[in-house]
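> What follows is start07.cif, mmCIF, C-alpha atoms.
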data_structure
#
loop_
_atom_site.label_atom_id
_atom_site.label_comp_id
_atom_site.auth_asym_id
_atom_site.auth_seq_id
_atom_site.Cartn_x
_atom_site.Cartn_y
_atom_site.Cartn_z
CA MET A 233 -92.60 124.98 135.93
CA PRO A 234 -88.99 125.93 136.22
CA ALA A 235 -86.37 126.41 133.55
CA ILE A 236 -82.97 125.46 134.92
CA LEU A 237 -79.57 126.36 133.42
CA LEU A 238 -76.65 124.15 134.46
CA ASP A 239 -72.92 124.16 133.73
CA THR A 240 -72.35 120.61 134.96
CA VAL A 241 -73.29 117.15 133.72
CA PHE A 242 -76.81 116.12 134.69
CA ASN A 243 -78.84 112.93 134.48
CA PRO A 244 -82.12 113.97 132.81
CA TRP A 245 -84.07 110.91 133.99
CA ASP A 246 -83.05 111.35 137.61
CA GLU A 247 -83.86 115.07 137.48
CA LEU A 248 -87.23 114.31 135.93
CA GLN A 249 -88.12 111.78 138.62
CA SER A 250 -86.93 113.97 141.41
CA TYR A 251 -88.97 116.92 140.11
CA GLN A 252 -92.01 114.73 139.53
CA GLU A 253 -91.96 113.27 143.03
CA LYS A 254 -91.61 116.71 144.56
CA HIS A 255 -94.04 118.74 142.46
CA LEU A 256 -96.60 116.58 140.66
CA GLN A 257 -99.70 115.29 142.39
CA ALA A 258 -99.88 111.49 142.23
CA GLY A 259 -102.83 110.18 140.23
CA ARG A 260 -103.67 113.51 138.51
CA TYR A 261 -101.49 113.42 135.39
CA GLY A 262 -101.85 110.55 132.95
CA ALA A 263 -99.38 111.57 130.25
CA THR A 264 -95.71 112.51 130.48
CA ALA A 265 -93.91 113.41 127.25
CA THR A 266 -90.19 114.08 127.34
CA PHE A 267 -87.35 114.93 125.03
CA VAL A 268 -83.63 114.67 125.73
CA GLY A 269 -81.06 116.14 123.37
CA THR A 270 -77.65 114.53 123.72
CA MET A 271 -74.34 115.64 122.26
CA ARG A 272 -73.31 113.43 119.38
CA ASP A 273 -69.71 112.79 118.40
CA PHE A 274 -70.29 113.50 114.73
CA ASN A 275 -71.83 116.39 112.80
CA ILE A 276 -71.55 116.61 109.05
CA ASP A 277 -68.25 114.81 108.41
CA ASP A 278 -65.83 115.87 111.09
CA SER A 279 -65.43 114.14 114.36
CA VAL A 280 -66.30 116.51 117.19
CA SER A 281 -64.23 116.09 120.34
CA HIS A 282 -66.22 118.48 122.48
CA MET A 283 -68.36 121.60 122.38
CA THR A 284 -68.73 124.92 124.16
CA LEU A 285 -72.23 126.24 124.59
CA GLU A 286 -72.30 130.02 125.06
CA HIS A 287 -75.44 131.74 126.28
CA TYR A 288 -76.76 135.15 127.32
CA PRO A 289 -77.51 134.26 130.93
CA ALA A 290 -80.23 136.71 131.94
CA MET A 291 -82.00 136.61 128.57
CA THR A 292 -81.80 132.83 128.30
CA GLN A 293 -83.34 132.40 131.74
CA ASN A 294 -85.98 135.00 130.97
CA PHE A 295 -86.80 133.39 127.62
CA LEU A 296 -87.12 129.86 129.04
CA ASP A 297 -89.19 131.01 132.02
CA LYS A 298 -91.63 132.72 129.67
CA LEU A 299 -91.67 129.70 127.38
CA CYS A 300 -92.73 127.50 130.31
CA ALA A 301 -95.45 129.96 131.28
CA GLN A 302 -96.71 130.27 127.68
CA SER A 303 -96.83 126.50 127.30
CA ARG A 304 -98.96 126.17 130.41
CA GLU A 305 -101.40 128.68 128.91
CA LYS A 306 -101.36 127.16 125.42
CA PHE A 307 -101.75 123.51 126.46
CA ALA A 308 -103.69 121.72 129.21
CA LEU A 309 -100.64 120.94 131.32
CA ASP A 310 -100.21 119.97 134.93
CA ASP A 311 -96.62 121.14 134.76
CA CYS A 312 -93.56 121.40 132.54
CA LEU A 313 -89.80 121.40 133.04
CA ILE A 314 -86.80 122.55 131.00
CA ILE A 315 -83.18 121.84 131.93
CA HIS A 316 -80.42 123.12 129.63
CA ARG A 317 -76.63 122.90 129.85
CA TYR A 318 -74.15 125.61 129.04
CA GLY A 319 -70.33 125.70 129.07
CA ASP A 320 -68.15 122.75 128.05
CA ILE A 321 -69.98 119.63 126.91
CA LYS A 322 -68.56 116.25 125.88
CA PRO A 323 -70.05 113.70 123.49
CA ASN A 324 -72.88 111.63 124.91
CA GLU A 325 -73.64 114.20 127.60
CA PRO A 326 -77.24 115.45 127.77
CA ILE A 327 -77.66 119.04 126.57
CA VAL A 328 -81.36 119.60 127.10
CA LEU A 329 -84.40 118.02 128.77
CA THR A 330 -87.99 119.11 128.15
CA VAL A 331 -90.92 117.51 129.95
CA ALA A 332 -94.67 118.12 129.77
CA TRP A 333 -97.15 116.54 132.19
CA SER A 334 -100.82 116.49 131.29
CA ALA A 335 -104.01 114.52 131.82
CA HIS A 336 -104.11 114.19 128.03
CA ARG A 337 -101.71 112.43 125.69
CA ALA A 338 -102.03 114.83 122.77
CA GLN A 339 -101.48 117.88 124.98
CA ALA A 340 -98.36 116.35 126.55
CA PHE A 341 -96.86 115.43 123.17
CA ASP A 342 -97.71 118.80 121.59
CA ALA A 343 -96.39 120.80 124.53
CA CYS A 344 -93.13 118.84 124.78
CA ARG A 345 -92.47 119.41 121.10
CA TYR A 346 -93.47 123.08 121.33
CA LEU A 347 -90.98 123.59 124.17
CA MET A 348 -88.17 122.09 122.08
CA GLU A 349 -89.04 123.85 118.80
CA GLU A 350 -89.31 127.26 120.45
CA LEU A 351 -86.13 126.69 122.43
CA LYS A 352 -84.23 125.65 119.28
CA ALA A 353 -85.58 128.58 117.27
CA ARG A 354 -85.23 131.39 119.78
CA ALA A 355 -83.38 130.64 123.04
CA PRO A 356 -80.06 132.53 123.03
CA PHE A 357 -77.50 129.71 122.99
CA TRP A 358 -74.60 129.30 120.56
CA LYS A 359 -72.65 126.11 119.97
CA LYS A 360 -68.98 126.07 119.14
CA GLU A 361 -67.66 122.68 118.14
CA ILE A 362 -64.06 121.65 118.66
CA THR A 363 -63.00 119.19 115.94
CA ALA A 364 -59.72 117.72 114.72
CA GLY A 365 -59.69 120.56 112.16
CA GLY A 366 -60.10 123.32 114.76
CA GLU A 367 -62.93 125.28 116.32
CA ARG A 368 -66.10 126.35 114.53
CA TRP A 369 -69.34 128.04 115.43
CA VAL A 370 -72.31 125.91 114.48
CA HIS A 371 -74.34 127.78 111.87
CA ASP A 372 -77.71 127.04 110.35
CA GLU A 373 -76.17 125.34 107.35
CA LEU A 374 -74.38 122.94 109.68
CA ARG A 375 -77.59 121.97 111.42
CA SER A 376 -79.37 119.92 108.75
CA SER A 377 -78.34 116.77 110.55
CA GLU A 378 -80.10 117.97 113.69
CA LYS A 379 -83.53 118.43 112.15
CA MET B 56 -86.08 97.13 119.76
CA PRO B 57 -88.01 95.01 122.18
CA ALA B 58 -91.62 95.19 123.28
CA ILE B 59 -91.95 94.01 126.86
CA LEU B 60 -95.16 92.99 128.62
CA LEU B 61 -95.08 93.10 132.43
CA ASP B 62 -97.56 92.24 135.16
CA THR B 63 -95.67 94.06 137.91
CA VAL B 64 -94.99 97.70 138.74
CA PHE B 65 -92.05 99.15 136.79
CA ASN B 66 -90.09 102.38 136.88
CA PRO B 67 -90.11 103.63 133.28
CA TRP B 68 -87.13 105.96 133.74
CA ASP B 69 -84.95 103.29 135.28
CA GLU B 70 -85.91 100.80 132.56
CA LEU B 71 -85.15 103.40 129.89
CA GLN B 72 -81.71 104.13 131.32
CA SER B 73 -80.87 100.52 131.80
CA TYR B 74 -81.85 99.68 128.22
CA GLN B 75 -80.01 102.72 126.87
CA GLU B 76 -76.78 101.88 128.66
CA LYS B 77 -76.92 98.30 127.45
CA HIS B 78 -78.04 98.74 123.85
CA LEU B 79 -77.39 102.26 122.56
CA GLN B 80 -74.00 103.35 121.30
CA ALA B 81 -72.75 106.38 123.21
CA GLY B 82 -72.36 109.51 121.07
CA ARG B 83 -74.41 108.22 118.09
CA TYR B 84 -77.95 109.25 119.00
CA GLY B 85 -78.74 112.90 119.63
CA ALA B 86 -82.47 112.76 120.28
CA THR B 87 -84.50 110.68 122.72
CA ALA B 88 -88.28 111.14 122.77
CA THR B 89 -90.34 109.31 125.36
CA PHE B 90 -93.90 108.97 126.51
CA VAL B 91 -95.16 107.51 129.78
CA GLY B 92 -98.84 106.81 130.35
CA THR B 93 -99.74 106.69 134.03
CA MET B 94 -102.96 105.53 135.61
CA ARG B 95 -105.00 108.44 136.86
CA ASP B 96 -107.40 108.28 139.77
CA PHE B 97 -110.22 109.98 137.89
CA ASN B 98 -111.93 109.34 134.56
CA ILE B 99 -115.08 111.16 133.64
CA ASP B 100 -116.68 111.75 137.03
CA ASP B 101 -116.18 108.67 139.10
CA SER B 102 -113.20 108.06 141.28
CA VAL B 103 -111.35 104.95 140.07
CA SER B 104 -109.79 102.84 142.81
CA HIS B 105 -107.90 100.50 140.50
CA MET B 106 -107.95 98.90 137.09
CA THR B 107 -107.50 95.52 135.46
CA LEU B 108 -105.83 95.47 132.08
CA GLU B 109 -106.72 92.36 130.08
CA HIS B 110 -104.75 91.45 126.97
CA TYR B 111 -104.44 88.72 124.34
CA PRO B 112 -100.91 87.66 125.21
CA ALA B 113 -99.58 86.16 121.99
CA MET B 114 -101.30 88.71 119.73
CA THR B 115 -100.31 91.65 121.91
CA GLN B 116 -96.66 90.62 121.86
CA ASN B 117 -96.82 89.97 118.13
CA PHE B 118 -98.49 93.32 117.46
CA LEU B 119 -96.00 95.33 119.54
CA ASP B 120 -92.98 93.52 118.09
CA LYS B 121 -94.17 94.35 114.57
CA LEU B 122 -94.91 97.92 115.59
CA CYS B 123 -91.31 98.34 116.77
CA ALA B 124 -89.99 96.86 113.52
CA GLN B 125 -92.28 99.03 111.38
CA SER B 126 -91.24 102.15 113.27
CA ARG B 127 -87.58 101.42 112.61
CA GLU B 128 -88.37 101.18 108.89
CA LYS B 129 -90.63 104.23 108.81
CA PHE B 130 -88.35 106.58 110.79
CA ALA B 131 -84.58 107.08 111.00
CA LEU B 132 -84.20 105.48 114.42
CA ASP B 133 -81.24 104.08 116.27
CA ASP B 134 -83.62 102.04 118.40
CA CYS B 135 -87.02 102.02 120.08
CA LEU B 136 -88.55 100.46 123.17
CA ILE B 137 -92.08 99.69 124.37
CA ILE B 138 -92.96 98.49 127.86
CA HIS B 139 -96.61 97.84 128.72
CA ARG B 140 -98.29 96.61 131.88
CA TYR B 141 -101.13 94.14 132.12
CA GLY B 142 -103.09 92.77 135.09
CA ASP B 143 -104.00 94.82 138.16
CA ILE B 144 -102.89 98.45 138.13
CA LYS B 145 -103.26 101.10 140.82
CA PRO B 146 -103.53 104.88 140.41
CA ASN B 147 -100.24 106.64 139.72
CA GLU B 148 -98.61 103.43 138.42
CA PRO B 149 -97.07 103.63 134.93
CA ILE B 150 -99.03 101.70 132.31
CA VAL B 151 -96.92 102.23 129.21
CA LEU B 152 -93.52 103.55 128.16
CA THR B 153 -92.55 104.28 124.55
CA VAL B 154 -89.07 105.51 123.60
CA ALA B 155 -87.52 106.42 120.25
CA TRP B 156 -83.79 107.15 119.84
CA SER B 157 -82.60 108.94 116.71
CA ALA B 158 -79.88 111.25 115.43
CA HIS B 159 -82.72 113.60 114.50
CA ARG B 160 -85.16 115.43 116.73
CA ALA B 161 -88.14 115.30 114.37
CA GLN B 162 -87.72 111.58 113.72
CA ALA B 163 -87.56 110.81 117.45
CA PHE B 164 -90.69 112.87 118.22
CA ASP B 165 -92.64 111.47 115.27
CA ALA B 166 -91.67 107.87 116.02
CA CYS B 167 -92.47 108.10 119.72
CA ARG B 168 -95.91 109.47 118.92
CA TYR B 169 -96.48 106.90 116.18
CA LEU B 170 -95.70 104.09 118.64
CA MET B 171 -98.27 105.44 121.10
CA GLU B 172 -100.99 106.20 118.56
CA GLU B 173 -100.74 102.78 116.92
CA LEU B 174 -100.61 101.05 120.28
CA LYS B 175 -103.70 102.93 121.49
CA ALA B 176 -105.60 102.28 118.27
CA ARG B 177 -104.77 98.62 117.68
CA ALA B 178 -102.88 96.76 120.44
CA PRO B 179 -105.25 94.21 122.03
CA PHE B 180 -105.61 95.51 125.57
CA TRP B 181 -108.85 96.18 127.42
CA LYS B 182 -109.21 98.26 130.57
CA LYS B 183 -111.73 97.51 133.25
CA GLU B 184 -112.03 100.19 135.90
CA ILE B 185 -113.11 99.48 139.44
CA THR B 186 -114.95 102.49 140.90
CA ALA B 187 -117.05 103.17 143.95
CA GLY B 188 -120.07 102.41 141.73
CA GLY B 189 -118.78 99.01 140.59
CA GLU B 190 -116.77 97.60 137.70
CA ARG B 191 -116.93 98.86 134.14
CA TRP B 192 -115.16 98.17 130.89
CA VAL B 193 -113.65 101.32 129.44
CA HIS B 194 -115.30 102.04 126.10
CA ASP B 195 -114.53 104.56 123.40
CA GLU B 196 -117.09 107.01 124.72
CA LEU B 197 -115.36 106.95 128.09
CA ARG B 198 -112.02 107.83 126.56
CA SER B 199 -112.53 111.46 125.55
CA SER B 200 -110.56 112.51 128.59
CA GLU B 201 -107.60 110.46 127.40
CA LYS B 202 -107.22 112.14 124.04
CA MET C 198 -109.63 69.12 112.24
CA SER C 199 -110.49 71.98 114.60
CA ILE C 200 -110.69 75.74 115.04
CA GLU C 201 -109.89 77.34 118.36
CA VAL C 202 -112.06 80.36 119.14
CA GLN C 203 -111.30 82.94 121.83
CA PHE C 204 -113.37 85.78 123.27
CA PHE C 205 -111.93 88.70 125.23
CA ALA C 206 -113.02 91.38 127.69
CA SER C 207 -116.70 92.44 127.54
CA LEU C 208 -117.44 89.86 124.81
CA ARG C 209 -116.04 87.10 127.01
CA GLU C 210 -118.25 88.27 129.86
CA SER C 211 -121.44 88.80 127.85
CA LEU C 212 -121.15 85.42 126.10
CA GLY C 213 -120.05 83.71 129.30
CA LYS C 214 -117.22 81.90 127.57
CA GLN C 215 -113.52 82.45 126.99
CA GLN C 216 -112.64 79.66 124.60
CA VAL C 217 -114.49 77.26 122.30
CA THR C 218 -113.09 74.53 120.05
CA LEU C 219 -115.07 74.00 116.85
CA GLY C 220 -114.85 71.17 114.33
CA TYR C 221 -113.51 72.35 110.97
CA SER C 222 -115.66 72.22 107.84
CA ASP C 223 -114.98 73.53 104.31
CA GLY C 224 -116.06 77.05 103.40
CA LEU C 225 -115.99 78.52 106.93
CA ASP C 226 -115.45 82.24 107.28
CA VAL C 227 -115.03 84.40 110.38
CA GLN C 228 -118.73 85.29 110.51
CA ALA C 229 -119.71 81.59 110.42
CA VAL C 230 -117.20 80.81 113.18
CA TRP C 231 -118.79 83.52 115.32
CA GLN C 232 -122.28 82.08 114.71
CA GLN C 233 -121.25 78.60 115.79
CA ALA C 234 -119.06 79.63 118.72
CA SER C 235 -121.53 82.18 120.12
CA ASP C 236 -124.57 79.91 119.79
CA GLY C 237 -126.16 82.36 117.38
CA ALA C 238 -125.76 85.59 119.37
CA ALA C 239 -125.70 88.80 117.31
CA MET C 240 -122.18 90.13 116.77
CA PRO C 241 -121.88 93.66 118.23
CA ASP C 242 -121.18 96.24 115.48
CA ASN C 243 -117.77 97.24 116.75
CA THR C 244 -116.42 93.69 117.24
CA LEU C 245 -112.83 93.14 116.09
CA CYS C 246 -111.72 89.81 114.63
CA ALA C 247 -108.29 88.18 114.34
CA ILE C 248 -107.01 84.97 112.78
CA ASN C 249 -103.70 83.71 114.12
CA MET C 250 -102.93 87.05 115.83
CA GLU C 251 -103.64 89.22 112.77
CA TYR C 252 -106.66 91.50 112.31
CA VAL C 253 -109.10 90.23 109.64
CA LYS C 254 -112.58 91.05 108.31
CA THR C 255 -115.65 88.94 109.05
CA GLU C 256 -115.72 87.59 105.47
CA THR C 257 -112.16 86.23 105.69
CA PRO C 258 -111.99 82.42 105.14
CA VAL C 259 -110.89 80.29 108.09
CA ASN C 260 -108.56 77.33 107.66
CA ASP C 261 -108.25 74.16 109.68
CA GLY C 262 -106.10 74.71 112.75
CA ASP C 263 -106.65 78.48 112.84
CA GLU C 264 -107.02 80.42 116.09
CA VAL C 265 -109.91 82.87 115.69
CA ALA C 266 -110.41 85.66 118.22
CA PHE C 267 -113.23 88.15 118.82
CA PHE C 268 -112.92 91.24 120.98
CA PRO C 269 -114.31 94.74 121.57
CA PRO C 270 -112.48 97.96 120.60
CA VAL C 271 -109.11 98.08 122.31
CA THR C 272 -108.37 100.48 125.18
CA GLY C 273 -104.71 100.02 126.06
CA GLY C 274 -101.93 102.54 126.55
CA MET D 274 -76.97 158.50 130.81
CA SER D 275 -75.65 155.34 129.20
CA ILE D 276 -76.48 152.30 127.07
CA GLU D 277 -74.82 148.96 127.71
CA VAL D 278 -74.13 146.98 124.54
CA GLN D 279 -73.28 143.28 124.43
CA PHE D 280 -72.05 141.05 121.61
CA PHE D 281 -72.23 137.25 121.66
CA ALA D 282 -70.65 134.23 119.98
CA SER D 283 -69.24 134.78 116.46
CA LEU D 284 -70.13 138.51 116.57
CA ARG D 285 -68.17 138.91 119.79
CA GLU D 286 -65.20 137.21 118.16
CA SER D 287 -65.35 139.02 114.81
CA LEU D 288 -65.72 142.46 116.43
CA GLY D 289 -63.17 141.60 119.11
CA LYS D 290 -65.37 142.99 121.88
CA GLN D 291 -67.89 141.63 124.32
CA GLN D 292 -69.29 144.73 125.92
CA VAL D 293 -69.33 148.45 125.17
CA THR D 294 -70.89 151.28 127.18
CA LEU D 295 -72.24 154.15 125.06
CA GLY D 296 -73.40 157.57 126.12
CA TYR D 297 -77.12 158.09 125.63
CA SER D 298 -78.46 160.64 123.17
CA ASP D 299 -82.01 161.35 122.01
CA GLY D 300 -83.38 159.53 118.98
CA LEU D 301 -81.14 156.48 119.18
CA ASP D 302 -82.41 153.27 117.64
CA VAL D 303 -80.91 149.77 117.61
CA GLN D 304 -79.23 150.30 114.23
CA ALA D 305 -77.55 153.49 115.49
CA VAL D 306 -76.38 151.71 118.64
CA TRP D 307 -74.80 149.02 116.45
CA GLN D 308 -73.02 151.65 114.34
CA GLN D 309 -71.48 153.34 117.36
CA ALA D 310 -70.65 150.20 119.30
CA SER D 311 -69.16 148.33 116.33
CA ASP D 312 -67.10 151.30 115.09
CA GLY D 313 -69.00 151.30 111.83
CA ALA D 314 -68.76 147.60 110.90
CA ALA D 315 -71.51 146.29 108.62
CA MET D 316 -74.18 144.35 110.52
CA PRO D 317 -74.38 140.77 109.19
CA ASP D 318 -77.78 140.08 107.59
CA ASN D 319 -78.86 137.44 110.06
CA THR D 320 -77.96 139.41 113.22
CA LEU D 321 -80.51 139.21 116.04
CA CYS D 322 -81.09 142.17 118.37
CA ALA D 323 -82.51 142.38 121.88
CA ILE D 324 -83.30 145.23 124.26
CA ASN D 325 -83.50 144.33 127.94
CA MET D 326 -83.69 140.57 127.16
CA GLU D 327 -86.48 140.86 124.57
CA TYR D 328 -86.08 140.43 120.81
CA VAL D 329 -86.51 143.69 118.86
CA LYS D 330 -86.05 145.00 115.31
CA THR D 331 -83.21 147.27 114.24
CA GLU D 332 -85.51 150.29 113.97
CA THR D 333 -86.71 149.98 117.59
CA PRO D 334 -85.94 153.11 119.67
CA VAL D 335 -83.45 152.73 122.52
CA ASN D 336 -83.95 154.42 125.87
CA ASP D 337 -81.43 155.59 128.42
CA GLY D 338 -80.29 152.74 130.65
CA ASP D 339 -81.23 150.01 128.16
CA GLU D 340 -79.14 146.88 127.67
CA VAL D 341 -78.82 146.24 123.93
CA ALA D 342 -77.52 142.90 122.66
CA PHE D 343 -76.44 141.66 119.22
CA PHE D 344 -75.92 138.00 118.34
CA PRO D 345 -75.96 135.50 115.48
CA PRO D 346 -78.76 132.95 114.89
CA VAL D 347 -79.18 130.74 117.92
CA THR D 348 -78.10 127.09 117.96
CA GLY D 349 -79.11 125.67 121.34
CA GLY D 350 -80.99 122.53 122.25
#
Show this structure as structure tokens.


Amino acid sequence: MPAILLDTVFNPWDELQSYQEKHLQAGRYGATATFVGTMRDFNIDDSVSHMTLEHYPAMTQNFLDKLCAQSREKFALDDCLIIHRYGDIKPNEPIVLTVAWSAHRAQAFDACRYLMEELKARAPFWKKEITAGGERWVHDELRSSEK
Amino acid sequence: MPAILLDTVFNPWDELQSYQEKHLQAGRYGATATFVGTMRDFNIDDSVSHMTLEHYPAMTQNFLDKLCAQSREKFALDDCLIIHRYGDIKPNEPIVLTVAWSAHRAQAFDACRYLMEELKARAPFWKKEITAGGERWVHDELRSSEK
Amino acid sequence: MSIEVQFFASLRESLGKQQVTLGYSDGLDVQAVWQQASDGAAMPDNTLCAINMEYVKTETPVNDGDEVAFFPPVTGG
Amino acid sequence: MSIEVQFFASLRESLGKQQVTLGYSDGLDVQAVWQQASDGAAMPDNTLCAINMEYVKTETPVNDGDEVAFFPPVTGG
């Protein structure tokens, strides 16, 4: 049930498989729900060339570790996994992966969504977008397109 | 937006990536929600050695194709994908993959779940489990553990 | 002038048949097709019916050339 | 006898500082730490506060040795 912070490009599907083969017991889980958030090249109207994702390293790790542990208590999970980028990110690169493994479909779906909603609402990350018109911090009012 | 029926083992994550690279436009989608259903080796109390998944080929394909099309109308999706096994299936083999790509997190989650719930409720597949105690068709009352 | 009838899964096994071709006659509905194709067996309460790959009710009329299918509750995914 | 204060993202840029070390004195709360560390700047309404990696309110007492952080609404994921 790790939460992993990375400053380099990662392939979420390869990471998922590698984790699954190493840590999940074959034949025990029946449901795997996942979410991948990818950087888009548009937000509102400006074209975004790239993005810098700042974080508060110790608090972010602490928050995501606890989120994994809470999710395992709240839902009937075999395991869960969070991987999140920080630093410079280019369009089409994955930013975040959340995975929930369960014997039960509803629990896997609910847990995967819970991981993402809590992460979005409370994990200490801040996006700065670099557009043709300059740099800008992403604020709540700029996020309607992400809902 | 295809629905694919297969009678051989498949790797859902490789299929997803291969489809995504071929059909999705880089930088346009920000949210990818997926579900994989895997055969477990237990259901209720008996140990299940393997399973046969019967289907009604033309109707199953027709139903899943329409489900993909409906989902694209109902949600703001860039694309969606369903892969489903039939025939003989062993424990730990993937049975079903559903994927929804969207610019929006909520739409991707909702669509991925809608695909699975509709498929479970109405796609013409029937599971027969082979256990130490013999063969049995899976009925509704045997499915509480799948919820 | 015929109707093709198919049975799936536990229905196929309990009736001992997978496919039956019936002659078409006016005024047939899904229930009547079941009666003829099943040799008068009672239709289990939870039986699902389809005409030409679409779910229908037992009182739906059947036309010449239709494919009618009967099956138990589905358990895919 | 000290408090380490950190600012992140747009707060770090607008205040022009990332980290400040304050001397500890009795009765400090988060609001008072902000006042000292920001040289009296007004705290933006939506500012989030943490002590030792846990979210807290502005009236939460601060103890000697605490790490206090201020940052704008989060935008990860």

> List as a count of residues only: which residues have an atom within 12 Å of (-66.4, 122.6, 117.6), counting all atoms listed in the file?

33

> Apply the PyMOL selection byres ((chain B and resi 65) around 12) to the displayed file and report the matching residues as a list in words.

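So the PyMOL selection byres ((chain B and resi 65) around 12) ends up selecting Ile59, Leu60, Leu61, Asp62, Thr63, Val64, Asn66, Pro67, Trp68, Asp69, Glu70, Leu71, Val91, Thr93, Ile138, His139, Arg140, Tyr141, Ile144, Asn147, Glu148, Pro149, Ile150, Val151 and Leu152 of chain B.
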
> Got a sec to align chain D on chain C by every in-order Cα pair and hand back the fitted coordinates as a compact mmCIF listing (two decimals) with C-alpha atoms, keeping the file's coordinate frame?


# COMPACT_ATOMS: atom_id res chain seq x y z
CA MET D 274 -109.64 69.11 112.25
CA SER D 275 -110.49 71.95 114.60
CA ILE D 276 -110.70 75.73 115.04
CA GLU D 277 -109.88 77.35 118.36
CA VAL D 278 -112.05 80.37 119.15
CA GLN D 279 -111.29 82.95 121.82
CA PHE D 280 -113.38 85.79 123.26
CA PHE D 281 -111.93 88.71 125.23
CA ALA D 282 -113.02 91.40 127.68
CA SER D 283 -116.70 92.44 127.55
CA LEU D 284 -117.45 89.85 124.82
CA ARG D 285 -116.05 87.10 127.02
CA GLU D 286 -118.26 88.28 129.86
CA SER D 287 -121.45 88.80 127.85
CA LEU D 288 -121.17 85.42 126.10
CA GLY D 289 -120.06 83.72 129.31
CA LYS D 290 -117.23 81.88 127.55
CA GLN D 291 -113.56 82.43 126.96
CA GLN D 292 -112.65 79.67 124.58
CA VAL D 293 -114.51 77.27 122.30
CA THR D 294 -113.10 74.53 120.05
CA LEU D 295 -115.08 73.98 116.83
CA GLY D 296 -114.83 71.19 114.32
CA TYR D 297 -113.50 72.34 110.96
CA SER D 298 -115.64 72.22 107.84
CA ASP D 299 -115.00 73.53 104.33
CA GLY D 300 -116.06 77.06 103.43
CA LEU D 301 -115.99 78.50 106.93
CA ASP D 302 -115.45 82.22 107.28
CA VAL D 303 -115.03 84.39 110.39
CA GLN D 304 -118.73 85.28 110.51
CA ALA D 305 -119.70 81.59 110.42
CA VAL D 306 -117.19 80.80 113.18
CA TRP D 307 -118.80 83.52 115.32
CA GLN D 308 -122.27 82.08 114.71
CA GLN D 309 -121.26 78.60 115.81
CA ALA D 310 -119.07 79.63 118.71
CA SER D 311 -121.52 82.19 120.12
CA ASP D 312 -124.57 79.91 119.78
CA GLY D 313 -126.18 82.36 117.40
CA ALA D 314 -125.76 85.61 119.38
CA ALA D 315 -125.70 88.80 117.31
CA MET D 316 -122.18 90.14 116.78
CA PRO D 317 -121.89 93.66 118.23
CA ASP D 318 -121.18 96.23 115.49
CA ASN D 319 -117.77 97.24 116.76
CA THR D 320 -116.42 93.69 117.24
CA LEU D 321 -112.83 93.15 116.09
CA CYS D 322 -111.72 89.81 114.63
CA ALA D 323 -108.30 88.19 114.34
CA ILE D 324 -107.00 84.98 112.79
CA ASN D 325 -103.69 83.70 114.11
CA MET D 326 -102.91 87.05 115.82
CA GLU D 327 -103.63 89.22 112.76
CA TYR D 328 -106.65 91.49 112.30
CA VAL D 329 -109.10 90.23 109.64
CA LYS D 330 -112.58 91.04 108.33
CA THR D 331 -115.65 88.94 109.04
CA GLU D 332 -115.74 87.58 105.48
CA THR D 333 -112.17 86.22 105.68
CA PRO D 334 -112.00 82.43 105.13
CA VAL D 335 -110.89 80.29 108.07
CA ASN D 336 -108.57 77.33 107.65
CA ASP D 337 -108.25 74.17 109.68
CA GLY D 338 -106.09 74.71 112.75
CA ASP D 339 -106.63 78.49 112.84
CA GLU D 340 -107.00 80.42 116.08
CA VAL D 341 -109.89 82.87 115.68
CA ALA D 342 -110.40 85.67 118.21
CA PHE D 343 -113.24 88.14 118.82
CA PHE D 344 -112.93 91.23 121.00
CA PRO D 345 -114.30 94.73 121.58
CA PRO D 346 -112.46 97.95 120.61
CA VAL D 347 -109.10 98.10 122.31
CA THR D 348 -108.36 100.48 125.18
CA GLY D 349 -104.69 100.04 126.08
CA GLY D 350 -101.93 102.56 126.56

> Between B:Ala124, B:Gly142, B:Pro57, B:Glu109, single out the one closest to Arg209 (chain C), counting all atoms listed in the file.

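Using all atoms listed in the file, Arg209 (chain C) sits closest to B:Glu109.
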
> Can you find the residues with an atom no farther than 12 Å from (-74.1, 146.0, 113.8), counting only C-alpha atoms, and report them as a PyMOL selection string?

chain D and resi 278-281+284-285+287-288+302-322+331+341-345

> For a quick test of understanding: name the residues of chain A lying within 12 Å of chain C when counting all atoms listed in the file, and present them as a list in words.

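The selection requested is Gly262, Ala263, His336 and Arg337 of chain A.
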
> For CA of Met198 (chain C) and CA of Asp261 (chain C), quote the distance in Å rounded to one decimal.

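Answer for the CA of Met198 (chain C) to CA of Asp261 (chain C) separation: 5.8 Å.
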
> For CA of Gly82 (chain B) and CA of Phe267 (chain A), determine how far apart the two atoms are, in Å to one decimal place.

16.4 Å
